[in-house]
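Undergrad: This is the content of input_34.txt (compact mmCIF, all heavy atoms):
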```
# COMPACT_ATOMS: atom_id res chain seq x y z
N MET A 242 14.52 -19.22 7.57
CA MET A 242 13.18 -18.69 7.39
C MET A 242 12.79 -17.92 8.64
O MET A 242 12.94 -18.39 9.75
CB MET A 242 12.22 -19.84 7.15
CG MET A 242 10.82 -19.40 6.87
SD MET A 242 9.87 -20.84 6.36
CE MET A 242 8.27 -20.21 6.63
N SER A 243 12.31 -16.71 8.46
CA SER A 243 11.91 -15.90 9.60
C SER A 243 10.39 -15.89 9.73
O SER A 243 9.67 -16.14 8.77
CB SER A 243 12.42 -14.47 9.44
OG SER A 243 11.84 -13.88 8.32
N ALA A 244 9.94 -15.59 10.93
CA ALA A 244 8.50 -15.54 11.18
C ALA A 244 7.92 -14.27 10.58
O ALA A 244 8.63 -13.30 10.32
CB ALA A 244 8.25 -15.57 12.68
N ALA A 245 6.62 -14.27 10.36
CA ALA A 245 5.94 -13.11 9.78
C ALA A 245 4.59 -12.94 10.46
O ALA A 245 4.06 -13.86 11.05
CB ALA A 245 5.75 -13.30 8.28
N ALA A 246 4.07 -11.74 10.40
CA ALA A 246 2.75 -11.43 10.93
C ALA A 246 1.87 -10.95 9.78
O ALA A 246 2.33 -10.22 8.90
CB ALA A 246 2.85 -10.36 12.01
N VAL A 247 0.62 -11.34 9.79
CA VAL A 247 -0.30 -10.96 8.72
C VAL A 247 -0.62 -9.47 8.83
O VAL A 247 -1.02 -9.00 9.90
CB VAL A 247 -1.59 -11.78 8.78
CG1 VAL A 247 -2.60 -11.31 7.74
CG2 VAL A 247 -1.28 -13.25 8.59
N ALA A 248 -0.44 -8.74 7.75
CA ALA A 248 -0.78 -7.32 7.71
C ALA A 248 -2.19 -7.13 7.17
O ALA A 248 -2.97 -6.36 7.70
CB ALA A 248 0.22 -6.55 6.85
N SER A 249 -2.55 -7.87 6.12
CA SER A 249 -3.91 -7.76 5.57
C SER A 249 -4.20 -8.95 4.66
O SER A 249 -3.30 -9.60 4.15
CB SER A 249 -4.07 -6.46 4.78
OG SER A 249 -3.28 -6.48 3.61
N ILE A 250 -5.49 -9.21 4.51
CA ILE A 250 -5.98 -10.24 3.60
C ILE A 250 -7.11 -9.62 2.79
O ILE A 250 -7.96 -8.94 3.35
CB ILE A 250 -6.50 -11.47 4.34
CG1 ILE A 250 -5.37 -12.13 5.14
CG2 ILE A 250 -7.12 -12.48 3.38
CD1 ILE A 250 -5.83 -13.27 6.02
N GLU A 251 -7.10 -9.86 1.49
CA GLU A 251 -8.14 -9.33 0.62
C GLU A 251 -8.61 -10.44 -0.30
O GLU A 251 -7.80 -11.19 -0.85
CB GLU A 251 -7.59 -8.17 -0.20
CG GLU A 251 -8.56 -7.56 -1.17
CD GLU A 251 -7.93 -6.46 -2.02
OE1 GLU A 251 -6.75 -6.13 -1.82
OE2 GLU A 251 -8.65 -5.95 -2.89
N VAL A 252 -9.91 -10.58 -0.45
CA VAL A 252 -10.48 -11.56 -1.38
C VAL A 252 -11.32 -10.78 -2.39
O VAL A 252 -12.22 -10.04 -2.01
CB VAL A 252 -11.36 -12.60 -0.66
CG1 VAL A 252 -11.96 -13.57 -1.67
CG2 VAL A 252 -10.56 -13.35 0.38
N VAL A 253 -11.00 -10.95 -3.66
CA VAL A 253 -11.73 -10.28 -4.74
C VAL A 253 -12.50 -11.35 -5.50
O VAL A 253 -11.93 -12.34 -5.93
CB VAL A 253 -10.76 -9.54 -5.69
CG1 VAL A 253 -11.51 -8.91 -6.83
CG2 VAL A 253 -9.95 -8.51 -4.93
N THR A 254 -13.80 -11.14 -5.64
CA THR A 254 -14.65 -12.06 -6.40
C THR A 254 -15.20 -11.30 -7.59
O THR A 254 -15.77 -10.23 -7.43
CB THR A 254 -15.81 -12.57 -5.52
OG1 THR A 254 -15.28 -13.16 -4.34
CG2 THR A 254 -16.64 -13.58 -6.26
N ARG A 255 -15.02 -11.87 -8.78
CA ARG A 255 -15.55 -11.18 -9.96
C ARG A 255 -16.16 -12.18 -10.93
O ARG A 255 -15.72 -13.32 -11.04
CB ARG A 255 -14.49 -10.33 -10.62
CG ARG A 255 -13.22 -11.00 -10.96
CD ARG A 255 -12.20 -10.02 -11.48
NE ARG A 255 -10.89 -10.65 -11.38
CZ ARG A 255 -9.80 -10.12 -11.83
NH1 ARG A 255 -9.83 -8.96 -12.41
NH2 ARG A 255 -8.66 -10.75 -11.70
N ASN A 256 -17.17 -11.71 -11.61
CA ASN A 256 -17.88 -12.50 -12.60
C ASN A 256 -17.12 -12.42 -13.91
O ASN A 256 -16.88 -11.33 -14.43
CB ASN A 256 -19.30 -11.96 -12.76
CG ASN A 256 -20.18 -12.83 -13.61
OD1 ASN A 256 -19.74 -13.84 -14.13
ND2 ASN A 256 -21.41 -12.41 -13.76
N ILE A 257 -16.72 -13.56 -14.46
CA ILE A 257 -15.95 -13.55 -15.70
C ILE A 257 -16.79 -14.00 -16.89
O ILE A 257 -16.26 -14.20 -17.98
CB ILE A 257 -14.66 -14.39 -15.58
CG1 ILE A 257 -14.96 -15.84 -15.20
CG2 ILE A 257 -13.72 -13.77 -14.59
CD1 ILE A 257 -13.73 -16.74 -15.23
N GLY A 258 -18.09 -14.12 -16.69
CA GLY A 258 -18.98 -14.44 -17.81
C GLY A 258 -19.46 -15.88 -17.80
O GLY A 258 -18.82 -16.77 -17.23
N ASP A 259 -20.59 -16.11 -18.44
CA ASP A 259 -21.20 -17.43 -18.56
C ASP A 259 -21.40 -18.10 -17.20
O ASP A 259 -21.24 -19.32 -17.04
CB ASP A 259 -20.38 -18.35 -19.46
CG ASP A 259 -20.38 -17.89 -20.91
OD1 ASP A 259 -21.38 -17.26 -21.33
OD2 ASP A 259 -19.39 -18.17 -21.62
N GLY A 260 -21.69 -17.30 -16.18
CA GLY A 260 -21.94 -17.85 -14.85
C GLY A 260 -20.69 -18.28 -14.09
O GLY A 260 -20.78 -18.86 -13.03
N GLU A 261 -19.52 -18.01 -14.64
CA GLU A 261 -18.28 -18.38 -13.97
C GLU A 261 -17.82 -17.24 -13.08
O GLU A 261 -17.94 -16.07 -13.42
CB GLU A 261 -17.19 -18.69 -15.00
CG GLU A 261 -17.45 -19.93 -15.81
CD GLU A 261 -16.30 -20.26 -16.73
OE1 GLU A 261 -15.14 -20.20 -16.27
OE2 GLU A 261 -16.55 -20.54 -17.90
N VAL A 262 -17.29 -17.62 -11.91
CA VAL A 262 -16.81 -16.64 -10.94
C VAL A 262 -15.35 -16.92 -10.66
O VAL A 262 -14.93 -18.06 -10.50
CB VAL A 262 -17.64 -16.73 -9.63
CG1 VAL A 262 -17.11 -15.76 -8.60
CG2 VAL A 262 -19.11 -16.47 -9.91
N GLU A 263 -14.57 -15.86 -10.61
CA GLU A 263 -13.14 -15.97 -10.30
C GLU A 263 -12.91 -15.39 -8.92
O GLU A 263 -13.41 -14.32 -8.59
CB GLU A 263 -12.34 -15.20 -11.35
CG GLU A 263 -10.87 -15.19 -11.09
CD GLU A 263 -10.10 -14.38 -12.13
OE1 GLU A 263 -10.48 -13.22 -12.39
OE2 GLU A 263 -9.13 -14.91 -12.66
N HIS A 264 -12.14 -16.10 -8.09
CA HIS A 264 -11.78 -15.63 -6.76
C HIS A 264 -10.28 -15.36 -6.73
O HIS A 264 -9.49 -16.25 -7.07
CB HIS A 264 -12.13 -16.66 -5.68
CG HIS A 264 -13.58 -17.00 -5.63
ND1 HIS A 264 -14.50 -16.20 -5.01
CD2 HIS A 264 -14.26 -18.06 -6.12
CE1 HIS A 264 -15.69 -16.75 -5.13
NE2 HIS A 264 -15.57 -17.88 -5.80
N VAL A 265 -9.89 -14.17 -6.34
CA VAL A 265 -8.48 -13.81 -6.22
C VAL A 265 -8.21 -13.52 -4.76
O VAL A 265 -8.90 -12.71 -4.13
CB VAL A 265 -8.14 -12.57 -7.08
CG1 VAL A 265 -6.68 -12.21 -6.92
CG2 VAL A 265 -8.47 -12.83 -8.54
N HIS A 266 -7.21 -14.20 -4.17
CA HIS A 266 -6.84 -14.00 -2.77
C HIS A 266 -5.51 -13.27 -2.72
O HIS A 266 -4.54 -13.70 -3.36
CB HIS A 266 -6.71 -15.34 -2.06
CG HIS A 266 -7.96 -16.15 -2.07
ND1 HIS A 266 -8.36 -16.88 -3.17
CD2 HIS A 266 -8.92 -16.32 -1.15
CE1 HIS A 266 -9.50 -17.48 -2.90
NE2 HIS A 266 -9.87 -17.15 -1.68
N LYS A 267 -5.48 -12.17 -1.98
CA LYS A 267 -4.25 -11.39 -1.83
C LYS A 267 -3.93 -11.30 -0.35
O LYS A 267 -4.81 -11.10 0.47
CB LYS A 267 -4.45 -9.97 -2.38
CG LYS A 267 -4.84 -9.91 -3.84
CD LYS A 267 -5.10 -8.48 -4.26
CE LYS A 267 -5.60 -8.39 -5.69
NZ LYS A 267 -5.86 -7.00 -6.07
N SER A 268 -2.67 -11.44 0.00
CA SER A 268 -2.28 -11.29 1.39
C SER A 268 -0.96 -10.52 1.47
O SER A 268 -0.13 -10.59 0.56
CB SER A 268 -2.12 -12.66 2.06
OG SER A 268 -1.13 -13.41 1.41
N LYS A 269 -0.83 -9.78 2.55
CA LYS A 269 0.40 -9.03 2.81
C LYS A 269 0.88 -9.41 4.20
O LYS A 269 0.08 -9.60 5.11
CB LYS A 269 0.15 -7.53 2.76
CG LYS A 269 -0.23 -7.01 1.40
CD LYS A 269 -0.44 -5.52 1.43
CE LYS A 269 -0.89 -5.01 0.07
NZ LYS A 269 -1.15 -3.57 0.09
N VAL A 270 2.18 -9.54 4.36
CA VAL A 270 2.74 -9.88 5.66
C VAL A 270 3.84 -8.89 6.03
O VAL A 270 4.45 -8.26 5.17
CB VAL A 270 3.32 -11.32 5.68
CG1 VAL A 270 2.23 -12.35 5.51
CG2 VAL A 270 4.38 -11.50 4.61
N TRP A 271 4.03 -8.75 7.33
CA TRP A 271 5.14 -7.97 7.87
C TRP A 271 6.13 -8.95 8.46
O TRP A 271 5.73 -9.99 9.00
CB TRP A 271 4.67 -7.07 9.00
CG TRP A 271 3.85 -5.90 8.60
CD1 TRP A 271 3.78 -5.30 7.38
CD2 TRP A 271 2.95 -5.17 9.43
NE1 TRP A 271 2.92 -4.26 7.40
CE2 TRP A 271 2.39 -4.15 8.66
CE3 TRP A 271 2.57 -5.28 10.75
CZ2 TRP A 271 1.48 -3.24 9.17
CZ3 TRP A 271 1.67 -4.37 11.25
CH2 TRP A 271 1.13 -3.36 10.47
N ASP A 272 7.41 -8.63 8.38
CA ASP A 272 8.37 -9.47 9.07
C ASP A 272 8.18 -9.26 10.58
O ASP A 272 7.61 -8.25 11.01
CB ASP A 272 9.81 -9.15 8.64
CG ASP A 272 10.23 -7.76 9.04
OD1 ASP A 272 9.95 -6.82 8.27
OD2 ASP A 272 10.85 -7.61 10.12
N ILE A 273 8.59 -10.20 11.37
CA ILE A 273 8.31 -10.19 12.82
C ILE A 273 8.90 -8.96 13.50
O ILE A 273 8.30 -8.40 14.40
CB ILE A 273 8.78 -11.50 13.47
CG1 ILE A 273 8.19 -11.66 14.87
CG2 ILE A 273 10.27 -11.57 13.55
CD1 ILE A 273 6.75 -11.98 14.88
N ASN A 274 10.07 -8.50 13.06
CA ASN A 274 10.69 -7.33 13.69
C ASN A 274 9.86 -6.07 13.47
O ASN A 274 9.69 -5.26 14.39
CB ASN A 274 12.11 -7.13 13.17
CG ASN A 274 13.03 -8.24 13.62
OD1 ASN A 274 12.83 -8.84 14.67
ND2 ASN A 274 14.01 -8.55 12.80
N SER A 275 9.32 -5.89 12.28
CA SER A 275 8.47 -4.74 12.01
C SER A 275 7.18 -4.81 12.81
O SER A 275 6.70 -3.81 13.33
CB SER A 275 8.14 -4.65 10.52
OG SER A 275 9.31 -4.43 9.77
N ALA A 276 6.61 -5.99 12.91
CA ALA A 276 5.38 -6.16 13.68
C ALA A 276 5.60 -5.85 15.15
O ALA A 276 4.78 -5.18 15.78
CB ALA A 276 4.85 -7.58 13.51
N LEU A 277 6.71 -6.32 15.70
CA LEU A 277 7.00 -6.05 17.11
C LEU A 277 7.32 -4.57 17.34
O LEU A 277 6.96 -4.01 18.38
CB LEU A 277 8.13 -6.94 17.60
CG LEU A 277 7.78 -8.42 17.72
CD1 LEU A 277 9.01 -9.23 18.09
CD2 LEU A 277 6.67 -8.63 18.73
N ALA A 278 7.99 -3.93 16.39
CA ALA A 278 8.28 -2.50 16.51
C ALA A 278 6.98 -1.70 16.51
O ALA A 278 6.81 -0.75 17.31
CB ALA A 278 9.19 -2.04 15.38
N LEU A 279 6.05 -2.07 15.66
CA LEU A 279 4.74 -1.40 15.65
C LEU A 279 4.01 -1.62 16.96
O LEU A 279 3.43 -0.69 17.52
CB LEU A 279 3.90 -1.90 14.48
CG LEU A 279 2.48 -1.34 14.41
CD1 LEU A 279 2.51 0.18 14.21
CD2 LEU A 279 1.69 -2.02 13.30
N ALA A 280 4.03 -2.84 17.47
CA ALA A 280 3.36 -3.15 18.73
C ALA A 280 3.98 -2.33 19.87
O ALA A 280 3.26 -1.81 20.73
CB ALA A 280 3.46 -4.63 19.03
N LYS A 281 5.29 -2.20 19.85
CA LYS A 281 5.97 -1.41 20.90
C LYS A 281 5.55 0.05 20.79
O LYS A 281 5.28 0.71 21.79
CB LYS A 281 7.48 -1.55 20.76
CG LYS A 281 8.25 -0.84 21.84
CD LYS A 281 9.74 -1.09 21.71
CE LYS A 281 10.49 -0.36 22.80
NZ LYS A 281 11.93 -0.58 22.69
N HIS A 282 5.47 0.54 19.58
CA HIS A 282 5.05 1.92 19.36
C HIS A 282 3.62 2.14 19.86
O HIS A 282 3.30 3.19 20.40
CB HIS A 282 5.13 2.26 17.87
CG HIS A 282 4.63 3.62 17.52
ND1 HIS A 282 5.33 4.76 17.82
CD2 HIS A 282 3.48 4.03 16.91
CE1 HIS A 282 4.63 5.81 17.41
NE2 HIS A 282 3.51 5.38 16.85
N LEU A 283 2.76 1.14 19.67
CA LEU A 283 1.37 1.24 20.12
C LEU A 283 1.20 0.84 21.58
O LEU A 283 0.09 0.82 22.08
CB LEU A 283 0.48 0.37 19.23
CG LEU A 283 0.44 0.78 17.76
CD1 LEU A 283 -0.37 -0.24 16.96
CD2 LEU A 283 -0.16 2.17 17.60
N ASP A 284 2.30 0.50 22.25
CA ASP A 284 2.32 0.14 23.67
C ASP A 284 1.47 -1.09 23.97
O ASP A 284 0.75 -1.14 24.95
CB ASP A 284 1.88 1.32 24.53
CG ASP A 284 2.25 1.12 26.00
OD1 ASP A 284 3.26 0.45 26.25
OD2 ASP A 284 1.51 1.60 26.87
N CYS A 285 1.55 -2.09 23.11
CA CYS A 285 0.85 -3.34 23.37
C CYS A 285 1.78 -4.53 23.10
O CYS A 285 1.31 -5.61 22.77
CB CYS A 285 -0.43 -3.44 22.55
SG CYS A 285 -0.16 -3.39 20.77
N SER A 286 3.07 -4.33 23.27
CA SER A 286 4.03 -5.35 22.87
C SER A 286 3.94 -6.62 23.71
O SER A 286 4.21 -7.69 23.23
CB SER A 286 5.46 -4.80 22.92
OG SER A 286 5.75 -4.35 24.21
N SER A 287 3.55 -6.52 24.99
CA SER A 287 3.51 -7.73 25.80
C SER A 287 2.46 -8.71 25.29
O SER A 287 2.70 -9.90 25.20
CB SER A 287 3.25 -7.39 27.26
OG SER A 287 2.00 -6.75 27.40
N SER A 288 1.30 -8.22 24.91
CA SER A 288 0.26 -9.13 24.41
C SER A 288 0.61 -9.62 23.01
O SER A 288 0.36 -10.78 22.68
CB SER A 288 -1.11 -8.45 24.40
OG SER A 288 -1.11 -7.35 23.55
N VAL A 289 1.21 -8.78 22.19
CA VAL A 289 1.58 -9.18 20.83
C VAL A 289 2.74 -10.15 20.87
O VAL A 289 2.75 -11.15 20.16
CB VAL A 289 1.92 -7.95 19.96
CG1 VAL A 289 2.48 -8.38 18.62
CG2 VAL A 289 0.71 -7.09 19.79
N SER A 290 3.72 -9.92 21.74
CA SER A 290 4.87 -10.82 21.83
C SER A 290 4.45 -12.22 22.22
O SER A 290 4.92 -13.20 21.66
CB SER A 290 5.88 -10.28 22.85
OG SER A 290 6.44 -9.09 22.40
N SER A 291 3.54 -12.34 23.16
CA SER A 291 3.10 -13.67 23.56
C SER A 291 2.28 -14.32 22.44
O SER A 291 2.37 -15.53 22.25
CB SER A 291 2.28 -13.60 24.84
OG SER A 291 1.11 -12.84 24.65
N THR A 292 1.53 -13.55 21.71
CA THR A 292 0.74 -14.08 20.60
C THR A 292 1.65 -14.56 19.47
O THR A 292 1.41 -15.60 18.87
CB THR A 292 -0.25 -13.03 20.05
OG1 THR A 292 -1.08 -12.59 21.12
CG2 THR A 292 -1.09 -13.58 18.95
N LEU A 293 2.69 -13.79 19.17
CA LEU A 293 3.59 -14.12 18.07
C LEU A 293 4.68 -15.09 18.47
O LEU A 293 5.44 -15.54 17.64
CB LEU A 293 4.22 -12.84 17.50
CG LEU A 293 3.25 -11.85 16.85
CD1 LEU A 293 4.00 -10.60 16.44
CD2 LEU A 293 2.54 -12.47 15.68
N GLY A 294 4.79 -15.38 19.74
CA GLY A 294 5.78 -16.33 20.21
C GLY A 294 7.17 -15.76 20.32
O GLY A 294 8.15 -16.48 20.31
N ALA A 295 7.28 -14.45 20.42
CA ALA A 295 8.60 -13.82 20.52
C ALA A 295 8.97 -13.59 21.96
O ALA A 295 8.18 -13.57 22.85
CB ALA A 295 8.61 -12.51 19.77
```
Before we go any further, please render this structure as structure tokens.
TA:
Amino acid sequence: MSAAAVASIEVVTRNIGDGEVEHVHKSKVWDINSALALAKHLDCSSSVSSTLGA
């Protein structure tokens, strides 16, 4: 199992009738290598690496 970094989280709330509400949670993750490559590109890899434990 490899580590991952959260890319985004989305919560959708919708009324399905008769006072009932449905909550849908969506999440996207990046694998750790992609996250670190992005951090390096943005020149903030030292702070991201320590945060991600790499």
Undergrad: Hey, what's within 4.5 Å of Lys267 in chain A if we count all heavy atoms and toss same-chain stuff fewer than 5 positions away? As a tab-separated table (two decimals) with all heavy atoms, in the coordinates of the input, please?
TA:
```
chain	number	residue	atom	x	y	z
A	249	SER	N	-2.55	-7.87	6.12
A	249	SER	CA	-3.91	-7.76	5.57
A	249	SER	C	-4.20	-8.95	4.66
A	249	SER	O	-3.30	-9.60	4.15
A	249	SER	CB	-4.07	-6.46	4.78
A	249	SER	OG	-3.28	-6.48	3.61
A	250	ILE	N	-5.49	-9.21	4.51
A	250	ILE	CA	-5.98	-10.24	3.60
A	250	ILE	C	-7.11	-9.62	2.79
A	250	ILE	O	-7.96	-8.94	3.35
A	250	ILE	CB	-6.50	-11.47	4.34
A	250	ILE	CG1	-5.37	-12.13	5.14
A	250	ILE	CG2	-7.12	-12.48	3.38
A	250	ILE	CD1	-5.83	-13.27	6.02
A	251	GLU	N	-7.10	-9.86	1.49
A	251	GLU	CA	-8.14	-9.33	0.62
A	251	GLU	C	-8.61	-10.44	-0.30
A	251	GLU	O	-7.80	-11.19	-0.85
A	251	GLU	CB	-7.59	-8.17	-0.20
A	251	GLU	CG	-8.56	-7.56	-1.17
A	251	GLU	CD	-7.93	-6.46	-2.02
A	251	GLU	OE1	-6.75	-6.13	-1.82
A	251	GLU	OE2	-8.65	-5.95	-2.89
A	253	VAL	N	-11.00	-10.95	-3.66
A	253	VAL	CA	-11.73	-10.28	-4.74
A	253	VAL	C	-12.50	-11.35	-5.50
A	253	VAL	O	-11.93	-12.34	-5.93
A	253	VAL	CB	-10.76	-9.54	-5.69
A	253	VAL	CG1	-11.51	-8.91	-6.83
A	253	VAL	CG2	-9.95	-8.51	-4.93
```
Undergrad: Can you measure atom N of Lys269 in chain A to CD1 of Leu283 in chain A for me? One decimal in Å is fine.
TA: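 According to the coordinates, atom N of Lys269 in chain A and CD1 of Leu283 in chain A are separated by 17.3 Å.
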Undergrad: Would you kindly return, as a count of residues only, each protein, DNA or RNA residue with an atom no farther than 9 Å from any atom of Asn274 in chain A, considering only C-alpha atoms and excluding same-chain residues fewer than 3 positions away?
TA: 6
Undergrad: Quick one: everything within 6 Å of Val252 in chain A, counting all atoms listed in the file, minus sequence neighbours fewer than 3 positions away in the same chain. Send it as a compact mmCIF listing (two decimals) with all heavy atoms, in the coordinates of the input.
TA:
```txt
# COMPACT_ATOMS: atom_id res chain seq x y z
N HIS A 264 -12.14 -16.10 -8.09
CA HIS A 264 -11.78 -15.63 -6.76
C HIS A 264 -10.28 -15.36 -6.73
O HIS A 264 -9.49 -16.25 -7.07
CB HIS A 264 -12.13 -16.66 -5.68
CG HIS A 264 -13.58 -17.00 -5.63
ND1 HIS A 264 -14.50 -16.20 -5.01
CD2 HIS A 264 -14.26 -18.06 -6.12
CE1 HIS A 264 -15.69 -16.75 -5.13
NE2 HIS A 264 -15.57 -17.88 -5.80
N VAL A 265 -9.89 -14.17 -6.34
CA VAL A 265 -8.48 -13.81 -6.22
C VAL A 265 -8.21 -13.52 -4.76
O VAL A 265 -8.90 -12.71 -4.13
CB VAL A 265 -8.14 -12.57 -7.08
CG1 VAL A 265 -6.68 -12.21 -6.92
CG2 VAL A 265 -8.47 -12.83 -8.54
N HIS A 266 -7.21 -14.20 -4.17
CA HIS A 266 -6.84 -14.00 -2.77
C HIS A 266 -5.51 -13.27 -2.72
O HIS A 266 -4.54 -13.70 -3.36
CB HIS A 266 -6.71 -15.34 -2.06
CG HIS A 266 -7.96 -16.15 -2.07
ND1 HIS A 266 -8.36 -16.88 -3.17
CD2 HIS A 266 -8.92 -16.32 -1.15
CE1 HIS A 266 -9.50 -17.48 -2.90
NE2 HIS A 266 -9.87 -17.15 -1.68
N LYS A 267 -5.48 -12.17 -1.98
CA LYS A 267 -4.25 -11.39 -1.83
C LYS A 267 -3.93 -11.30 -0.35
O LYS A 267 -4.81 -11.10 0.47
CB LYS A 267 -4.45 -9.97 -2.38
CG LYS A 267 -4.84 -9.91 -3.84
CD LYS A 267 -5.10 -8.48 -4.26
CE LYS A 267 -5.60 -8.39 -5.69
NZ LYS A 267 -5.86 -7.00 -6.07
```
Undergrad: What is the CG1 of Val270 in chain A-CG1 of Val247 in chain A distance in Å, reported with one decimal?
TA: 5.4 Å
Undergrad: Kindly list the centre and edge lengths in Å, rounded to one decimal, for the axis-aligned box that covers all listed atoms of range 246-256 of chain A plus 8 Å on each of its six sides, as lines of an AutoDock Vina configuration file.
TA:
```
center_x = -8.7
center_y = -9.9
center_z = -1.2
size_x = 41.5
size_y = 23.9
size_z = 42.4
```
Undergrad: So the first atom is CD of Arg255 in chain A and the second is atom O of Ser268 in chain A; what is the distance between them in Å, to one decimal place?
TA: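 Distance between the two atoms: 17.1 Å.
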